[in-house]
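Quick look at protein-v9.txt (compact mmCIF, C-alpha atoms):
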# COMPACT_ATOMS: atom_id res chain seq x y z
CA MET U 1385 0.00 0.00 0.00
CA THR U 1386 1.31 3.40 -0.91
CA LEU U 1387 0.02 6.92 -0.34
CA PRO U 1388 -0.33 9.12 -3.40
CA LEU U 1389 0.77 12.64 -2.40
CA THR U 1390 1.74 15.92 -3.96
CA VAL U 1391 5.08 17.14 -2.60
CA ASN U 1392 6.40 20.52 -3.71
CA GLY U 1393 4.11 20.56 -6.69
CA THR U 1394 4.95 17.11 -8.06
CA PRO U 1395 3.32 13.68 -7.55
CA ALA U 1396 5.02 11.48 -4.95
CA GLU U 1397 4.37 8.26 -3.08
CA LEU U 1398 5.22 7.09 0.43
CA PRO U 1399 4.36 3.83 2.22
CA ALA U 1400 0.98 3.78 3.96
CA GLY U 1401 1.25 4.93 7.57
CA SER U 1402 4.08 7.38 6.82
CA THR U 1403 4.27 10.46 9.00
CA VAL U 1404 5.47 13.95 8.23
CA ALA U 1405 8.75 12.96 9.91
CA VAL U 1406 9.19 10.23 7.29
CA LEU U 1407 8.42 12.70 4.53
CA VAL U 1408 11.01 15.16 5.85
CA ALA U 1409 13.62 12.42 6.21
CA THR U 1410 13.18 11.42 2.57
CA ARG U 1411 12.57 14.83 1.03
CA ASN U 1412 14.67 17.36 2.98
CA GLY U 1413 17.24 17.64 0.20
CA GLY U 1414 20.03 17.67 2.79
CA HIS U 1415 18.64 20.69 4.60
CA ASP U 1416 18.38 20.64 8.37
CA GLN U 1417 16.18 23.74 8.79
CA VAL U 1418 12.91 22.75 7.19
CA ALA U 1419 9.30 23.84 7.53
CA VAL U 1420 6.33 21.79 6.32
CA ALA U 1421 2.89 22.85 5.16
CA ARG U 1422 0.17 20.23 4.76
CA ASN U 1423 -3.02 21.12 2.91
CA GLY U 1424 -2.47 24.81 3.64
CA ASP U 1425 -1.56 24.52 7.33
CA VAL U 1426 1.76 24.51 9.13
CA VAL U 1427 2.80 21.24 10.70
CA PRO U 1428 4.96 22.21 13.69
CA ARG U 1429 8.19 20.27 14.05
CA SER U 1430 7.00 18.80 17.34
CA SER U 1431 4.05 17.19 15.52
CA TRP U 1432 6.04 15.64 12.66
CA PRO U 1433 6.40 12.16 14.25
CA THR U 1434 2.71 11.92 15.12
CA THR U 1435 1.14 13.45 12.00
CA GLU U 1436 0.17 10.60 9.66
CA LEU U 1437 -0.13 11.40 5.98
CA VAL U 1438 -3.37 10.74 4.14
CA ALA U 1439 -3.83 9.89 0.44
CA GLY U 1440 -4.15 13.09 -1.56
CA ASP U 1441 -2.26 15.30 0.92
CA VAL U 1442 -0.66 18.35 -0.64
CA LEU U 1443 2.65 19.09 1.05
CA GLU U 1444 5.28 21.80 0.83
CA VAL U 1445 8.77 21.21 2.23
CA LEU U 1446 10.61 24.52 2.51
CA THR U 1447 14.01 25.73 3.65
CA PRO U 1448 15.83 29.06 4.16
CA THR U 1449 17.33 30.89 1.23
CA ALA U 1450 18.51 34.38 0.39
CA GLY U 1451 15.90 37.01 -0.39
CA GLY U 1452 15.14 40.70 -0.42
CA MET W 77 44.99 69.58 7.64
CA THR W 78 42.15 68.96 10.08
CA THR W 79 40.64 65.95 8.32
CA PRO W 80 41.92 63.29 10.73
CA GLU W 81 40.40 65.07 13.76
CA LEU W 82 37.12 65.55 11.92
CA THR W 83 36.97 61.85 11.11
CA ALA W 84 37.72 60.92 14.72
CA GLU W 85 35.01 63.30 15.89
CA ALA W 86 32.42 61.89 13.51
CA VAL W 87 32.07 58.56 15.31
CA PRO W 88 31.37 59.93 18.82
CA ALA W 89 28.89 62.38 17.29
CA LEU W 90 26.92 59.52 15.78
CA ALA W 91 27.20 57.46 18.94
CA ARG W 92 25.82 60.37 20.98
CA GLU W 93 22.94 60.73 18.55
CA GLU W 94 22.13 57.02 18.72
CA ALA W 95 22.31 57.02 22.52
CA ALA W 96 19.89 59.94 22.68
CA ASP W 97 17.46 58.48 20.14
CA PRO W 98 18.10 54.77 19.49
CA PHE W 99 16.59 52.74 16.66
CA THR W 100 14.41 50.20 18.42
CA ILE W 101 11.95 47.67 16.99
CA ALA W 102 9.81 45.63 19.40
CA GLY W 103 12.19 46.37 22.24
CA GLU W 104 15.33 45.42 20.30
CA THR W 105 17.84 48.22 19.73
CA PHE W 106 20.04 48.35 16.64
CA THR W 107 23.06 50.62 16.25
CA SER W 108 23.02 50.09 12.48
CA ARG W 109 20.13 51.67 10.62
CA LEU W 110 20.74 49.71 7.44
CA VAL W 111 18.62 46.61 6.91
CA LEU W 112 20.02 44.43 4.16
CA GLY W 113 18.24 42.09 1.77
CA THR W 114 20.34 39.05 0.92
CA GLY W 115 18.92 38.12 -2.49
CA GLY W 116 20.82 38.46 -5.75
CA LEU W 117 24.45 37.83 -4.78
CA PRO W 118 26.58 35.40 -6.78
CA SER W 119 28.11 33.51 -3.83
CA MET W 120 28.11 33.02 -0.07
CA GLU W 121 31.62 34.52 0.10
CA SER W 122 30.19 37.63 -1.49
CA LEU W 123 27.29 37.62 0.99
CA GLU W 124 29.63 37.57 3.96
CA ARG W 125 31.77 40.42 2.59
CA VAL W 126 28.69 42.51 1.86
CA VAL W 127 27.08 41.92 5.26
CA ARG W 128 30.29 42.86 7.03
CA ALA W 129 30.95 45.94 4.87
CA SER W 130 27.40 47.20 5.38
CA GLY W 131 27.62 46.94 9.17
CA THR W 132 24.02 45.69 9.16
CA GLN W 133 22.53 43.92 12.16
CA LEU W 134 19.29 42.84 10.50
CA VAL W 135 18.97 40.96 7.19
CA THR W 136 16.01 39.67 5.25
CA VAL W 137 15.80 36.01 4.24
CA ALA W 138 13.21 33.85 2.49
CA LEU W 139 11.76 30.34 2.31
CA ARG W 140 11.69 28.25 -0.84
CA ARG W 141 11.15 24.61 -1.79
CA VAL W 142 14.10 22.43 -0.73
CA GLU W 143 14.88 21.38 -4.32
CA ALA W 144 15.45 25.00 -5.32
CA VAL W 145 18.01 25.74 -2.58
CA ALA W 146 21.63 24.60 -2.72
CA GLY W 147 23.15 23.81 0.67
CA ASN W 148 22.88 25.28 4.17
CA SER W 149 25.76 27.72 3.85
CA MET W 150 23.68 30.93 3.92
CA MET W 151 22.49 30.27 7.45
CA GLN W 152 26.05 29.49 8.53
CA VAL W 153 27.32 32.75 7.04
CA LEU W 154 24.60 34.84 8.67
CA ASP W 155 25.10 33.07 11.99
CA ARG W 156 28.83 33.83 11.80
CA CYS W 157 28.06 37.49 11.09
CA GLY W 158 25.84 37.66 14.18
CA VAL W 159 22.92 39.34 12.43
CA ARG W 160 19.24 39.04 13.36
CA LEU W 161 17.05 37.42 10.69
CA LEU W 162 13.96 38.99 9.20
CA PRO W 163 12.12 36.37 7.10
CA ASN W 164 10.00 37.79 4.29
CA THR W 165 6.82 36.66 2.61
CA ALA W 166 8.08 37.55 -0.87
CA GLY W 167 5.96 36.23 -3.69
CA CYS W 168 2.72 36.08 -1.71
CA ARG W 169 -0.38 37.45 -3.45
CA THR W 170 -3.04 37.00 -0.76
CA ALA W 171 -3.33 37.45 3.00
CA ARG W 172 -3.88 33.70 3.34
CA GLU W 173 -0.62 32.88 1.55
CA ALA W 174 1.32 35.50 3.48
CA VAL W 175 0.03 34.39 6.87
CA LEU W 176 0.89 30.76 6.10
CA THR W 177 4.34 31.75 4.83
CA ALA W 178 5.00 33.75 8.01
CA ARG W 179 4.01 30.77 10.14
CA LEU W 180 6.28 28.48 8.11
CA ALA W 181 9.11 31.00 8.48
CA ARG W 182 8.58 31.03 12.23
CA GLU W 183 9.07 27.26 12.19
CA ALA W 184 12.12 27.29 9.93
CA PHE W 185 13.95 30.32 11.33
CA GLY W 186 12.77 30.25 14.93
CA THR W 187 11.77 33.93 14.92
CA ASP W 188 8.39 35.62 15.09
CA TRP W 189 9.67 38.66 13.19
CA VAL W 190 8.38 38.94 9.64
CA LYS W 191 8.78 41.33 6.74
CA LEU W 192 5.22 41.16 5.45
CA GLU W 193 4.93 41.47 1.68
CA VAL W 194 1.65 40.97 -0.17
CA ILE W 195 2.03 41.85 -3.81
CA GLY W 196 -0.91 43.09 -5.87
CA ASP W 197 0.57 43.60 -9.32
CA GLU W 198 3.00 41.45 -11.29
CA GLN W 199 4.68 44.23 -13.22
CA THR W 200 5.19 46.82 -10.50
CA LEU W 201 5.22 44.44 -7.50
CA LEU W 202 3.27 47.11 -5.64
CA PRO W 203 1.67 46.06 -2.34
CA ASP W 204 -2.00 45.04 -2.22
CA ALA W 205 -3.23 47.36 0.54
CA VAL W 206 -6.38 45.38 1.37
CA GLU W 207 -4.67 41.99 1.63
CA LEU W 208 -1.71 43.58 3.45
CA LEU W 209 -3.79 45.08 6.24
CA ASP W 210 -5.78 41.84 6.59
CA ALA W 211 -2.57 39.77 6.87
CA ALA W 212 -1.01 42.27 9.30
CA GLU W 213 -4.01 42.05 11.62
CA GLN W 214 -3.96 38.24 11.58
CA LEU W 215 -0.22 38.03 12.24
CA VAL W 216 -0.25 40.61 15.04
CA ALA W 217 -3.07 38.61 16.67
CA ASP W 218 -0.90 35.50 16.31
CA GLY W 219 1.98 37.13 18.21
CA PHE W 220 4.20 38.10 15.30
CA THR W 221 6.42 41.17 15.17
CA VAL W 222 5.16 42.50 11.85
CA LEU W 223 7.14 44.83 9.59
CA PRO W 224 4.94 45.45 6.54
CA TYR W 225 6.25 46.49 3.15
CA THR W 226 3.72 49.13 2.14
CA THR W 227 3.08 51.98 -0.25
CA ASP W 228 4.06 55.55 0.62
CA ASP W 229 0.44 56.31 1.58
CA PRO W 230 0.45 57.95 5.05
CA VAL W 231 -3.13 56.82 5.72
CA LEU W 232 -2.36 53.17 5.04
CA GLY W 233 0.81 53.55 7.10
CA ARG W 234 -1.26 54.76 10.03
CA ARG W 235 -3.76 51.91 9.61
CA LEU W 236 -0.88 49.40 9.73
CA ALA W 237 0.62 51.04 12.81
CA ASP W 238 -2.81 51.11 14.48
CA ALA W 239 -3.16 47.40 13.69
CA GLY W 240 -0.11 46.78 15.88
CA CYS W 241 2.71 46.56 13.34
CA ALA W 242 6.14 47.06 14.96
CA ALA W 243 7.32 49.31 12.12
CA VAL W 244 6.04 50.59 8.78
CA MET W 245 8.16 50.11 5.66
CA PRO W 246 7.07 52.33 2.76
CA LEU W 247 8.52 51.99 -0.71
CA GLY W 248 10.52 54.79 -2.31
CA SER W 249 9.69 53.31 -5.73
CA PRO W 250 9.04 49.78 -7.07
CA ILE W 251 11.19 46.88 -5.84
CA GLY W 252 14.45 46.61 -7.76
CA SER W 253 13.70 49.66 -9.91
CA GLY W 254 16.47 51.82 -8.50
CA LEU W 255 14.26 54.86 -9.11
CA GLY W 256 14.94 56.28 -5.65
CA ILE W 257 12.32 58.13 -3.61
CA ARG W 258 9.65 59.32 -6.06
CA ASN W 259 7.49 61.08 -3.49
CA PRO W 260 9.62 62.48 -0.67
CA HIS W 261 6.67 64.52 0.58
CA SER W 262 4.60 61.37 1.20
CA ILE W 263 7.47 59.73 3.05
CA ALA W 264 7.83 62.79 5.29
CA LEU W 265 4.06 62.86 5.90
CA LEU W 266 4.04 59.16 6.72
CA ARG W 267 6.89 59.74 9.18
CA GLU W 268 4.70 62.32 10.93
CA ALA W 269 1.63 60.07 10.85
CA VAL W 270 2.97 57.15 12.90
CA SER W 271 4.92 56.73 16.11
CA VAL W 272 6.47 53.34 15.23
CA PRO W 273 9.76 53.27 13.27
CA VAL W 274 9.56 54.04 9.54
CA VAL W 275 11.93 52.02 7.37
CA LEU W 276 12.30 53.14 3.74
CA ASP W 277 12.03 49.88 1.81
CA ALA W 278 12.47 49.37 -1.94
CA GLY W 279 13.55 51.59 -4.77
CA ILE W 280 16.94 52.70 -3.46
CA GLY W 281 19.36 52.99 -6.37
CA THR W 282 22.44 54.56 -4.92
CA ALA W 283 23.90 56.13 -1.79
CA SER W 284 22.22 59.52 -2.17
CA ASP W 285 18.79 57.84 -2.13
CA ALA W 286 19.57 56.22 1.22
CA ALA W 287 20.83 59.52 2.62
CA LEU W 288 17.65 61.27 1.45
CA ALA W 289 15.49 58.67 3.21
CA MET W 290 17.23 59.42 6.47
CA GLU W 291 17.08 63.19 5.88
CA LEU W 292 13.32 62.85 5.41
CA GLY W 293 13.12 61.39 8.90
CA CYS W 294 13.07 57.66 8.24
CA ASP W 295 14.48 55.60 11.08
CA ALA W 296 16.26 53.13 8.83
CA VAL W 297 16.68 52.00 5.24
CA LEU W 298 16.09 48.51 3.85
CA LEU W 299 17.74 47.74 0.54
CA ALA W 300 18.90 44.72 -1.43
CA SER W 301 19.28 45.15 -5.19
CA ALA W 302 21.14 48.46 -4.93
CA VAL W 303 23.96 46.55 -3.24
CA THR W 304 23.64 42.99 -4.51
CA ARG W 305 23.29 44.01 -8.17
CA ALA W 306 25.90 46.78 -8.06
CA ARG W 307 29.05 46.18 -10.10
CA ASP W 308 30.97 46.05 -6.82
CA PRO W 309 28.51 44.97 -4.09
CA GLU W 310 31.00 45.20 -1.22
CA ARG W 311 31.95 48.77 -2.11
CA MET W 312 28.30 49.76 -2.50
CA ALA W 313 27.50 48.18 0.88
CA LEU W 314 30.09 50.45 2.47
CA ALA W 315 28.69 53.43 0.56
CA MET W 316 25.20 52.68 1.86
CA ARG W 317 26.46 52.39 5.41
CA HIS W 318 28.04 55.84 5.20
CA ALA W 319 25.03 57.29 3.38
CA VAL W 320 22.64 56.13 6.10
CA GLU W 321 24.91 57.52 8.81
CA GLY W 322 25.38 60.76 6.89
CA GLY W 323 21.67 61.21 6.32
CA ARG W 324 20.95 60.49 9.95
CA LEU W 325 23.49 63.07 11.11
CA ALA W 326 22.21 65.63 8.60
CA ARG W 327 18.65 65.13 9.80
CA GLY W 328 19.74 65.72 13.38
CA ALA W 329 21.96 68.65 12.45
CA GLY W 330 19.08 70.47 10.73
CA ARG W 331 19.42 71.50 7.11
CA ILE W 332 19.43 75.16 6.16
CA PRO W 333 16.24 76.60 4.65
CA ARG W 334 16.08 76.69 0.87
CA ARG W 335 16.37 80.24 -0.53
CA TRP W 336 15.50 81.61 -3.94
CA TYR W 337 18.52 83.93 -4.06
CA ALA W 338 22.06 83.71 -2.78
CA GLN W 339 23.11 84.66 0.73
CA GLU W 340 26.75 85.58 1.12
CA SER W 341 28.80 83.39 3.40
CA THR W 342 31.65 85.91 3.76
CA ALA W 343 30.80 88.99 5.84
CA LEU W 344 30.38 92.20 3.84
CA GLN W 345 31.57 94.21 6.84
CA GLY W 346 35.23 95.20 6.48
CA ARG W 347 35.28 94.69 2.74
CA PRO W 348 38.08 96.89 1.22
CA GLU W 349 37.39 99.61 -1.38
CA LEU W 350 39.47 98.52 -4.34
Would you mind writing the file out in structure tokens?
Amino acid sequence: MTLPLTVNGTPAELPAGSTVAVLVATRNGGHDQVAVARNGDVVPRSSWPTTELVAGDVLEVLTPTAGG
Amino acid sequence: MTTPELTAEAVPALAREEAADPFTIAGETFTSRLVLGTGGLPSMESLERVVRASGTQLVTVALRRVEAVAGNSMMQVLDRCGVRLLPNTAGCRTAREAVLTARLAREAFGTDWVKLEVIGDEQTLLPDAVELLDAAEQLVADGFTVLPYTTDDPVLGRRLADAGCAAVMPLGSPIGSGLGIRNPHSIALLREAVSVPVVLDAGIGTASDAALAMELGCDAVLLASAVTRARDPERMALAMRHAVEGGRLARGAGRIPRRWYAQESTALQGRPEL
């Protein structure tokens, strides 16, 4: 069983039962300071291990960069 | 020559001025009145040189998708420079997007300070006043220290200050345009209209623009492109630092009134008959 997701605008799949922590571990791109939005809401870091992903979730995994 | 003494005197004069009237946002005092945007530099080495040359203590940063960002080195550089971070909501078009971006930035950067940008027009990147005020109210209620990028409208500036924003940041002209301060009168009126700090944000092209902002009574200047896209960013960063300090001193010193005709600066009394 896999979960169909949208991560940073592209289709992705993770094993059923995956949490946000699993998502971050696989999709952090080597960044340690990461913030996650799920379906338009922030998922606080403290909730990553307990927040289970659901089929169809739309996720954004973001990290600091330079900007005006 | 008296130049060396004058230079030595200049620093205590500025320090006295800052001690008498410090630049404080949300209880935090800054001795530098230059806020620097970090976008547009070719390398992290360049970023560090520019931050150090500018003397800034507050820099703007952004959030983007992990795939679009190479490495963690920016945060290391800024940490080494000891500057406070001001995350922005650049690219947001609605209050909803901006509020969510601010909350994500609070997670990623561990600060509740935010440079609130809500853009209403693709070509000019001018702020959307309605969405901006809405987002500011929501973020203030959520405990953020909100520094909104706004137009030079004194009425909107007052509405943002009344909503609880920690500072108001009016544009001089559109972001990245380098057109300077197109309506100095509005900036001066806005300065009078609010009691929170006013930070001139956007449009600065060169050092004289930054000095003018300070002469008009702004508390600080925020700029990015004018430095990062200059031919020599490090040199321009130093120029901006001196311009902000010069403008600040000139404001305090009190400029002479403008006159239509000349007024001699050498006394007529004692002039010889030749």
Point to revise | Option closest in space to Gly1393 (chain U), from U:Val1445, U:Ala1439, U:Ala1405, U:Ser1431 [counting all atoms listed in the file] | key: U:Val1445
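We find CA of Leu255 (chain W) and CA of Val135 (chain W) to be spaced 21.9 Å apart.
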Hey, which bits of chain W sit within 7 Å of chain U, and for each residue what's the closest pair of atoms and how far apart in Å (one decimal), counting all atoms listed in the file, rows by chain and increasing number, as a tab-separated table?
residue	atom	partner	partner_atom	distance
W:Gly113	CA	U:Gly1452	CA	4.0
W:Thr114	CA	U:Ala1450	CA	5.0
W:Gly115	CA	U:Gly1451	CA	3.8
W:Thr136	CA	U:Gly1452	CA	5.8
W:Val137	CA	U:Gly1451	CA	4.7
W:Ala138	CA	U:Gly1451	CA	5.1
W:Leu139	CA	U:Pro1448	CA	4.7
W:Arg140	CA	U:Leu1446	CA	5.1
W:Arg141	CA	U:Leu1446	CA	4.3
W:Val142	CA	U:Leu1446	CA	5.2
W:Glu143	CA	U:Gly1413	CA	6.3
W:Val145	CA	U:Thr1449	CA	6.4
W:Gly147	CA	U:His1415	CA	6.7
W:Asn148	CA	U:His1415	CA	6.3
W:Met150	CA	U:Thr1449	CA	6.9
W:Leu176	CA	U:Asp1425	CA	6.8
W:Arg179	CA	U:Val1426	CA	6.7
W:Leu180	CA	U:Ala1419	CA	5.6
W:Glu183	CA	U:Ala1419	CA	5.8
W:Ala184	CA	U:Ala1419	CA	5.1
W:Ala300	CA	U:Gly1452	CA	5.6
Point to revise | Contacts of Val159 (chain W) within 10 Å, all atoms listed in the file, excl. fewer than 3 positions in-chain, as a PyMOL selection string | key: chain W and resi 127-128+131-136+153-156+162
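Note that CA of Val272 (chain W) and CA of Leu236 (chain W) are 10.0 Å apart.
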Exercise for review: Name the residues in contact with Met1385 (chain U) at a cut-off of 10 Å, using all atoms listed in the file, excluding same-chain residues fewer than 4 positions from it; report them as a ChimeraX atom specification.
Suggested key: /U:1397-1401
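Using only C-alpha atoms for every distance, the candidate list W:Met120, W:Ala129, W:Ala89, W:Ala243 yields W:Ala129 as the residue closest to Ala315 (chain W).
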Hey, what's within 10 Å of region 258-260 of chain W if we count all atoms listed in the file and toss same-chain stuff fewer than 5 positions away? As a compact mmCIF listing (two decimals) with C-alpha atoms, in the frame of the given file, please?
# COMPACT_ATOMS: atom_id res chain seq x y z
CA ASP W 228 4.06 55.55 0.62
CA ASP W 229 0.44 56.31 1.58
CA LEU W 247 8.52 51.99 -0.71
CA GLY W 248 10.52 54.79 -2.31
CA SER W 249 9.69 53.31 -5.73
CA PRO W 250 9.04 49.78 -7.07
CA LEU W 265 4.06 62.86 5.90
CA LEU W 266 4.04 59.16 6.72
CA GLY W 279 13.55 51.59 -4.77
CA LEU W 288 17.65 61.27 1.45
CA ALA W 289 15.49 58.67 3.21
CA GLU W 291 17.08 63.19 5.88
CA LEU W 292 13.32 62.85 5.41
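With CA of Ala283 (chain W) on one side and CA of Ala338 (chain W) on the other, the separation reads 27.7 Å.
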**Study point:** Spatial neighbours of region 165-169 of chain W, max dist 6 Å, only C-alpha atoms, sep filter under 6 positions, as JSON, numbers by chain
**Key:** {"W": [177, 192, 193, 194, 195]}
Check your understanding: Which residues come within 9 Å of Thr1390 (chain U), counting only C-alpha atoms, excluding same-chain residues fewer than 6 positions away, as a PyMOL selection string?
Key -> chain U and resi 1396-1397+1440-1444
